[in-house]
file run_22.cif (mmCIF, C-alpha atoms and all ligand atoms)
data_input
loop_
_atom_site.group_PDB
_atom_site.id
_atom_site.type_symbol
_atom_site.label_atom_id
_atom_site.label_comp_id
_atom_site.auth_asym_id
_atom_site.auth_seq_id
_atom_site.Cartn_x
_atom_site.Cartn_y
_atom_site.Cartn_z
ATOM 1 C CA MET A 408 -38.966 -44.616 9.955
ATOM 2 C CA LYS A 409 -41.729 -45.383 7.478
ATOM 3 C CA LYS A 410 -40.999 -43.986 4.047
ATOM 4 C CA ASN A 411 -43.758 -41.341 4.001
ATOM 5 C CA ILE A 412 -45.325 -38.897 6.445
ATOM 6 C CA VAL A 413 -49.060 -38.292 6.255
ATOM 7 C CA LEU A 414 -50.746 -35.222 7.785
ATOM 8 C CA ILE A 415 -54.439 -35.356 8.639
ATOM 9 C CA GLY A 416 -56.786 -32.968 10.417
ATOM 10 C CA PHE A 417 -59.672 -30.576 10.133
ATOM 11 C CA MET A 418 -59.825 -27.774 7.562
ATOM 12 C CA GLY A 419 -57.524 -24.920 8.529
ATOM 13 C CA CYS A 420 -55.337 -26.924 10.922
ATOM 14 C CA GLY A 421 -52.209 -26.201 8.868
ATOM 15 C CA LYS A 422 -51.640 -29.487 6.989
ATOM 16 C CA THR A 423 -50.509 -27.786 3.783
ATOM 17 C CA SER A 424 -48.332 -25.141 5.473
ATOM 18 C CA VAL A 425 -46.745 -27.593 7.919
ATOM 19 C CA GLY A 426 -46.351 -30.200 5.171
ATOM 20 C CA GLY A 427 -44.459 -27.858 2.848
ATOM 21 C CA LYS A 428 -42.047 -26.730 5.577
ATOM 22 C CA LEU A 429 -41.626 -30.266 6.971
ATOM 23 C CA SER A 430 -40.796 -31.660 3.542
ATOM 24 C CA ARG A 431 -38.075 -29.039 3.072
ATOM 25 C CA ALA A 432 -36.645 -29.698 6.544
ATOM 26 C CA LEU A 433 -36.507 -33.464 5.923
ATOM 27 C CA ARG A 434 -35.598 -33.205 2.218
ATOM 28 C CA LEU A 435 -38.667 -35.134 1.173
ATOM 29 C CA ASP A 436 -41.136 -34.434 -1.638
ATOM 30 C CA PHE A 437 -44.420 -32.784 -0.796
ATOM 31 C CA LEU A 438 -47.877 -33.619 -2.125
ATOM 32 C CA ASP A 439 -51.331 -32.446 -1.143
ATOM 33 C CA THR A 440 -54.401 -34.546 -2.027
ATOM 34 C CA ASP A 441 -56.564 -31.461 -2.633
ATOM 35 C CA GLN A 442 -54.006 -30.065 -5.098
ATOM 36 C CA LEU A 443 -53.671 -33.438 -6.855
ATOM 37 C CA LEU A 444 -57.450 -33.694 -7.179
ATOM 38 C CA GLU A 445 -57.777 -30.150 -8.500
ATOM 39 C CA GLU A 446 -55.180 -30.975 -11.173
ATOM 40 C CA GLU A 447 -57.086 -34.170 -12.020
ATOM 41 C CA PHE A 448 -60.465 -32.365 -12.136
ATOM 42 C CA GLY A 449 -59.181 -29.325 -14.015
ATOM 43 C CA CYS A 450 -61.181 -27.105 -11.661
ATOM 44 C CA THR A 451 -61.268 -26.089 -8.017
ATOM 45 C CA ILE A 452 -62.716 -28.340 -5.328
ATOM 46 C CA ARG A 453 -65.462 -25.811 -4.787
ATOM 47 C CA GLU A 454 -66.407 -25.977 -8.484
ATOM 48 C CA PHE A 455 -66.214 -29.782 -8.456
ATOM 49 C CA PHE A 456 -68.569 -29.980 -5.455
ATOM 50 C CA ALA A 457 -71.023 -27.671 -7.248
ATOM 51 C CA GLN A 458 -70.916 -29.645 -10.509
ATOM 52 C CA GLU A 459 -70.505 -33.273 -9.399
ATOM 53 C CA GLY A 460 -71.472 -33.292 -5.715
ATOM 54 C CA GLU A 461 -69.769 -34.443 -2.536
ATOM 55 C CA GLU A 462 -70.332 -38.179 -3.107
ATOM 56 C CA GLU A 463 -68.371 -38.139 -6.359
ATOM 57 C CA PHE A 464 -65.635 -36.062 -4.693
ATOM 58 C CA ARG A 465 -65.334 -38.674 -1.924
ATOM 59 C CA ARG A 466 -65.176 -41.471 -4.508
ATOM 60 C CA ARG A 467 -62.308 -39.692 -6.299
ATOM 61 C CA GLU A 468 -60.504 -39.107 -2.984
ATOM 62 C CA THR A 469 -60.628 -42.836 -2.216
ATOM 63 C CA ALA A 470 -59.346 -43.762 -5.692
ATOM 64 C CA LEU A 471 -56.465 -41.287 -5.266
ATOM 65 C CA VAL A 472 -55.434 -42.429 -1.809
ATOM 66 C CA GLN A 473 -55.544 -46.065 -2.917
ATOM 67 C CA ARG A 474 -53.172 -45.238 -5.799
ATOM 68 C CA LEU A 475 -50.876 -43.272 -3.515
ATOM 69 C CA SER A 476 -50.720 -46.062 -0.925
ATOM 70 C CA ASP A 477 -49.159 -48.295 -3.598
ATOM 71 C CA THR A 478 -46.768 -45.810 -5.135
ATOM 72 C CA LEU A 479 -45.700 -43.043 -2.759
ATOM 73 C CA LYS A 480 -42.072 -42.860 -1.609
ATOM 74 C CA ASN A 481 -40.079 -40.277 0.390
ATOM 75 C CA THR A 482 -43.000 -37.877 0.556
ATOM 76 C CA VAL A 483 -44.868 -35.716 3.027
ATOM 77 C CA LEU A 484 -48.551 -36.038 2.108
ATOM 78 C CA ALA A 485 -51.111 -33.460 3.280
ATOM 79 C CA THR A 486 -54.696 -34.696 3.017
ATOM 80 C CA GLY A 487 -58.120 -33.079 2.623
ATOM 81 C CA GLY A 488 -59.943 -32.679 5.943
ATOM 82 C CA GLY A 489 -62.622 -35.268 5.133
ATOM 83 C CA LEU A 490 -60.323 -37.899 3.645
ATOM 84 C CA PRO A 491 -59.391 -39.946 6.750
ATOM 85 C CA LEU A 492 -63.012 -40.220 7.904
ATOM 86 C CA LYS A 493 -63.766 -43.314 5.795
ATOM 87 C CA THR A 494 -62.307 -46.431 7.410
ATOM 88 C CA GLN A 495 -61.068 -47.652 4.045
ATOM 89 C CA ASN A 496 -59.202 -44.383 3.431
ATOM 90 C CA ALA A 497 -57.718 -44.445 6.938
ATOM 91 C CA GLU A 498 -56.350 -47.913 6.165
ATOM 92 C CA PHE A 499 -54.791 -46.688 2.911
ATOM 93 C CA LEU A 500 -53.184 -43.775 4.787
ATOM 94 C CA LYS A 501 -51.691 -46.069 7.446
ATOM 95 C CA LYS A 502 -50.320 -48.226 4.648
ATOM 96 C CA THR A 503 -48.818 -45.108 3.033
ATOM 97 C CA GLY A 504 -46.850 -43.879 6.027
ATOM 98 C CA MET A 505 -46.815 -42.599 9.572
ATOM 99 C CA VAL A 506 -50.009 -40.625 10.168
ATOM 100 C CA PHE A 507 -49.885 -37.390 12.220
ATOM 101 C CA PHE A 508 -53.133 -35.740 13.294
ATOM 102 C CA LEU A 509 -52.643 -31.964 13.537
ATOM 103 C CA LYS A 510 -55.168 -31.157 16.241
ATOM 104 C CA ALA A 511 -56.410 -27.594 16.732
ATOM 105 C CA SER A 512 -59.053 -26.263 19.123
ATOM 106 C CA GLU A 513 -62.454 -25.103 17.930
ATOM 107 C CA GLU A 514 -61.528 -21.463 18.653
ATOM 108 C CA THR A 515 -58.287 -21.627 16.674
ATOM 109 C CA THR A 516 -60.055 -23.383 13.813
ATOM 110 C CA VAL A 517 -62.839 -20.792 13.599
ATOM 111 C CA ALA A 518 -60.306 -17.942 13.724
ATOM 112 C CA ARG A 519 -58.279 -19.507 10.888
ATOM 113 C CA LEU A 520 -61.303 -20.211 8.679
ATOM 114 C CA CYS A 521 -63.044 -16.890 9.164
ATOM 115 C CA GLY A 522 -63.529 -15.232 5.767
ATOM 116 C CA ASP A 523 -62.554 -18.365 3.809
ATOM 117 C CA THR A 524 -64.682 -19.006 0.726
ATOM 118 C CA SER A 525 -62.893 -22.020 -0.750
ATOM 119 C CA ARG A 526 -64.421 -24.751 1.448
ATOM 120 C CA PRO A 527 -67.832 -25.937 0.212
ATOM 121 C CA LEU A 528 -68.746 -27.602 3.518
ATOM 122 C CA LEU A 529 -68.482 -24.248 5.291
ATOM 123 C CA ALA A 530 -70.064 -22.123 2.585
ATOM 124 C CA GLN A 531 -73.555 -22.118 4.097
ATOM 125 C CA GLY A 532 -74.809 -21.318 7.586
ATOM 126 C CA ASP A 533 -72.918 -20.134 10.608
ATOM 127 C CA LEU A 534 -69.174 -20.860 10.607
ATOM 128 C CA LYS A 535 -68.964 -21.433 14.373
ATOM 129 C CA GLU A 536 -71.893 -23.858 14.374
ATOM 130 C CA ASN A 537 -70.593 -25.747 11.343
ATOM 131 C CA VAL A 538 -67.114 -26.102 12.824
ATOM 132 C CA HIS A 539 -68.554 -27.192 16.192
ATOM 133 C CA ARG A 540 -70.795 -29.864 14.635
ATOM 134 C CA LEU A 541 -68.183 -31.206 12.218
ATOM 135 C CA LEU A 542 -65.463 -31.321 14.881
ATOM 136 C CA GLN A 543 -67.758 -33.264 17.233
ATOM 137 C CA GLU A 544 -68.514 -35.785 14.496
ATOM 138 C CA ARG A 545 -64.983 -36.068 13.227
ATOM 139 C CA MET A 546 -62.719 -35.914 16.276
ATOM 140 C CA PRO A 547 -62.961 -39.641 17.185
ATOM 141 C CA LEU A 548 -62.320 -40.584 13.554
ATOM 142 C CA TYR A 549 -59.212 -38.406 13.250
ATOM 143 C CA GLU A 550 -57.904 -39.822 16.507
ATOM 144 C CA ALA A 551 -58.547 -43.392 15.355
ATOM 145 C CA ALA A 552 -56.820 -42.765 12.015
ATOM 146 C CA ALA A 553 -53.695 -41.272 13.630
ATOM 147 C CA ASP A 554 -50.440 -42.884 14.698
ATOM 148 C CA TYR A 555 -49.597 -39.680 16.597
ATOM 149 C CA ILE A 556 -51.804 -36.820 17.814
ATOM 150 C CA LEU A 557 -50.041 -33.467 17.738
ATOM 151 C CA GLU A 558 -51.662 -30.552 19.602
ATOM 152 C CA THR A 559 -50.905 -27.486 17.483
ATOM 153 C CA ASP A 560 -52.543 -24.687 19.503
ATOM 154 C CA GLY A 561 -50.015 -22.038 20.528
ATOM 155 C CA LYS A 562 -47.129 -23.811 18.761
ATOM 156 C CA SER A 563 -45.021 -22.257 16.010
ATOM 157 C CA PHE A 564 -44.311 -24.079 12.739
ATOM 158 C CA TYR A 565 -40.805 -24.652 14.045
ATOM 159 C CA GLU A 566 -42.101 -26.331 17.227
ATOM 160 C CA ILE A 567 -44.552 -28.504 15.290
ATOM 161 C CA ILE A 568 -41.832 -29.641 12.894
ATOM 162 C CA ARG A 569 -39.415 -30.337 15.759
ATOM 163 C CA GLU A 570 -42.084 -32.458 17.460
ATOM 164 C CA ILE A 571 -42.646 -34.493 14.298
ATOM 165 C CA GLU A 572 -38.879 -34.957 13.840
ATOM 166 C CA ASN A 573 -38.571 -36.138 17.461
ATOM 167 C CA VAL A 574 -41.334 -38.694 16.965
ATOM 168 C CA LEU A 575 -39.629 -40.020 13.820
ATOM 169 C CA CYS A 576 -36.223 -40.533 15.458
HETATM 170 C C1 LIG B 601 -62.872 -31.031 3.201
HETATM 171 C C2 LIG B 601 -61.659 -30.397 3.368
HETATM 172 C C3 LIG B 601 -60.984 -29.692 2.273
HETATM 173 C C4 LIG B 601 -61.370 -30.277 0.921
HETATM 174 C C5 LIG B 601 -62.855 -30.301 0.779
HETATM 175 C C6 LIG B 601 -63.546 -31.123 1.879
HETATM 176 C C7 LIG B 601 -63.514 -31.658 4.378
HETATM 177 O O1 LIG B 601 -59.567 -29.801 2.452
HETATM 178 O O2 LIG B 601 -60.846 -31.570 0.760
HETATM 179 O O3 LIG B 601 -63.312 -28.974 0.806
HETATM 180 O O4 LIG B 601 -64.458 -32.455 4.213
HETATM 181 O O5 LIG B 601 -63.052 -31.394 5.517
HETATM 182 P P1 LIG B 601 -58.707 -28.951 3.556
HETATM 183 O O6 LIG B 601 -58.765 -29.714 4.828
HETATM 184 O O7 LIG B 601 -57.345 -28.904 2.974
HETATM 185 O O8 LIG B 601 -59.351 -27.625 3.645
#
call {"tool": "encode", "arguments": {"input": "run_22.cif", "output": "structure tokens", "more": "lines below"}}
Ligand code: S3P
result
Amino acid sequence: MKKNIVLIGFMGCGKTSVGGKLSRALRLDFLDTDQLLEEEFGCTIREFFAQEGEEEFRRRETALVQRLSDTLKNTVLATGGGLPLKTQNAEFLKKTGMVFFLKASEETTVARLCGDTSRPLLAQGDLKENVHRLLQERMPLYEAAADYILETDGKSFYEIIREIENVLC
């Protein structure tokens, strides 16, 4: 087993919720790149996007994941939904640990994100159209960045965690 577990996937796929529960089940630490960045910025991601823009956010994500790839031990790491899309970031994640892609269908994703106001990329326009377009663009990149693709639709947290544990054994 590699020393860390990395969770990637689209917004709303459950990386943070699964990550927290998985870390407790495996007695590992838990970190979330969005939370780490918000601590570093001293404001929310939404505020950071508004003040500094997406390009600067992506630059800070890369700097963070590079640091983590050198230092992280015994940790479940949940990542922001756009983080694994850059090839360089995907390489840092693979270096960090075993990468699980939590895959959810478009319908499940839209249902989970309905009413959410924290994600700047979904703040404007029609949610269904935005999710459709972004998923089309991103799906091949998530799949390429993953060591294991885990279909989450219709599965409980318990089943998802069991599946990850089985892959690790
Ligand atoms: C983003 C996903 C968000 C956050 C930012 C950008 C994306 O994280 O990093 O709003 O590009 O998909 P979550 O996947 O945790 O929502």
call {"tool": "residues_near_ligand", "arguments": {"input": "run_22.cif", "ligand": "ligand LIG 601 (chain B)", "cutoff": "8 Å", "atoms": "only C-alpha atoms and all ligand atoms", "output": "PDB file with C-alpha atoms, in the coordinates of the input"}}
result
ATOM      1  CA  GLY A 416     -56.786 -32.968  10.417  1.00  0.00           C
ATOM      2  CA  PHE A 417     -59.672 -30.576  10.133  1.00  0.00           C
ATOM      3  CA  MET A 418     -59.825 -27.774   7.562  1.00  0.00           C
ATOM      4  CA  GLY A 419     -57.524 -24.920   8.529  1.00  0.00           C
ATOM      5  CA  CYS A 420     -55.337 -26.924  10.922  1.00  0.00           C
ATOM      6  CA  LYS A 422     -51.640 -29.487   6.989  1.00  0.00           C
ATOM      7  CA  THR A 423     -50.509 -27.786   3.783  1.00  0.00           C
ATOM      8  CA  THR A 440     -54.401 -34.546  -2.027  1.00  0.00           C
ATOM      9  CA  ASP A 441     -56.564 -31.461  -2.633  1.00  0.00           C
ATOM     10  CA  ILE A 452     -62.716 -28.340  -5.328  1.00  0.00           C
ATOM     11  CA  ARG A 453     -65.462 -25.811  -4.787  1.00  0.00           C
ATOM     12  CA  ALA A 485     -51.111 -33.460   3.280  1.00  0.00           C
ATOM     13  CA  THR A 486     -54.696 -34.696   3.017  1.00  0.00           C
ATOM     14  CA  GLY A 487     -58.120 -33.079   2.623  1.00  0.00           C
ATOM     15  CA  GLY A 488     -59.943 -32.679   5.943  1.00  0.00           C
ATOM     16  CA  GLY A 489     -62.622 -35.268   5.133  1.00  0.00           C
ATOM     17  CA  LEU A 490     -60.323 -37.899   3.645  1.00  0.00           C
ATOM     18  CA  SER A 525     -62.893 -22.020  -0.750  1.00  0.00           C
ATOM     19  CA  ARG A 526     -64.421 -24.751   1.448  1.00  0.00           C
ATOM     20  CA  PRO A 527     -67.832 -25.937   0.212  1.00  0.00           C
ATOM     21  CA  LEU A 528     -68.746 -27.602   3.518  1.00  0.00           C
TER      22      LEU A 528
END
call {"tool": "closest_residue", "arguments": {"input": "run_22.cif", "among": "A:Val413, A:Ala551, A:Val538, A:Cys450", "to": "Ala518 of chain A", "atoms": "all atoms listed in the file"}}
result
A:Val538
call {"tool": "atom_distance", "arguments": {"input": "run_22.cif", "atom1": "atom CA of Glu463 of chain A", "atom2": "atom CA of Gly532 of chain A"}}
result
22.8 Å
call {"tool": "atom_distance", "arguments": {"input": "run_22.cif", "atom1": "atom CA of Leu542 of chain A", "atom2": "atom CA of Ser512 of chain A"}}
result
9.2 Å
call {"tool": "closest_residue", "arguments": {"input": "run_22.cif", "among": "A:Val483, A:Met505, A:Ala511, A:Leu557", "to": "Leu575 of chain A", "atoms": "all atoms listed in the file"}}
result
A:Met505
call {"tool": "residues_around", "arguments": {"input": "run_22.cif", "residues": "Gln495 of chain A", "least_positions_apart": "3", "cutoff": "10 Å", "atoms": "all atoms listed in the file", "output": "MDAnalysis selection string"}}
result
chainID A and resid 469 472:473 490:492 498:500
call {"tool": "resolve_selection", "arguments": {"input": "run_22.cif", "expression": "the PyMOL selection byres (((chain A and resi 539) around 12) and not hetatm)", "output": "VMD selection string"}}
result
chain A and resid 417 512 to 517 529 533 to 538 540 to 546
call {"tool": "closest_residue", "arguments": {"input": "run_22.cif", "among": "A:Ile412, A:Val506, A:Ala432, A:Leu443", "to": "Lys480 of chain A", "atoms": "all atoms listed in the file"}}
result
A:Ile412
call {"tool": "axis_aligned_box", "arguments": {"input": "run_22.cif", "around": "segment 449-457 of chain A", "padding_each_side": "3 Å", "output": "AutoDock Vina command-line options"}}
result
--center_x -65.1 --center_y -27.9 --center_z -9.4 --size_x 17.8 --size_y 10.2 --size_z 15.2
call {"tool": "residues_around", "arguments": {"input": "run_22.cif", "residues": "Ile556 of chain A", "least_positions_apart": "4", "cutoff": "9 Å", "atoms": "all atoms listed in the file", "output": "PyMOL selection string"}}
result
chain A and resi 506-510+549-550
call {"tool": "residues_around", "arguments": {"input": "run_22.cif", "residues": "Leu435 of chain A", "least_positions_apart": "3", "cutoff": "10 Å", "atoms": "only C-alpha atoms", "output": "list of chain:residue names"}}
result
A:Lys410, A:Asn411, A:Ile412, A:Gly426, A:Gly427, A:Leu429, A:Ser430, A:Arg431, A:Ala432, A:Leu438, A:Lys480, A:Asn481, A:Thr482, A:Val483, A:Leu484
call {"tool": "residues_near_point", "arguments": {"input": "run_22.cif", "point": "(-44.1, -25.2, 14.1)", "cutoff": "12 Å", "atoms": "only C-alpha atoms", "output": "VMD selection string"}}
result
chain A and resid 420 to 422 424 to 429 432 509 557 to 572
call {"tool": "closest_residue", "arguments": {"input": "run_22.cif", "among": "A:Thr478, A:Asp439, A:Asn573, A:Ile415", "to": "Ala497 of chain A", "atoms": "all atoms listed in the file"}}
result
A:Ile415
call {"tool": "closest_residue", "arguments": {"input": "run_22.cif", "among": "A:Leu479, A:Thr451, A:Arg474, A:Arg467", "to": "Asp436 of chain A", "atoms": "all atoms listed in the file"}}
result
A:Leu479
call {"tool": "closest_residue", "arguments": {"input": "run_22.cif", "among": "A:Asp477, A:Glu445, A:Glu459, A:Asp554", "to": "Val574 of chain A", "atoms": "all atoms listed in the file"}}
result
A:Asp554
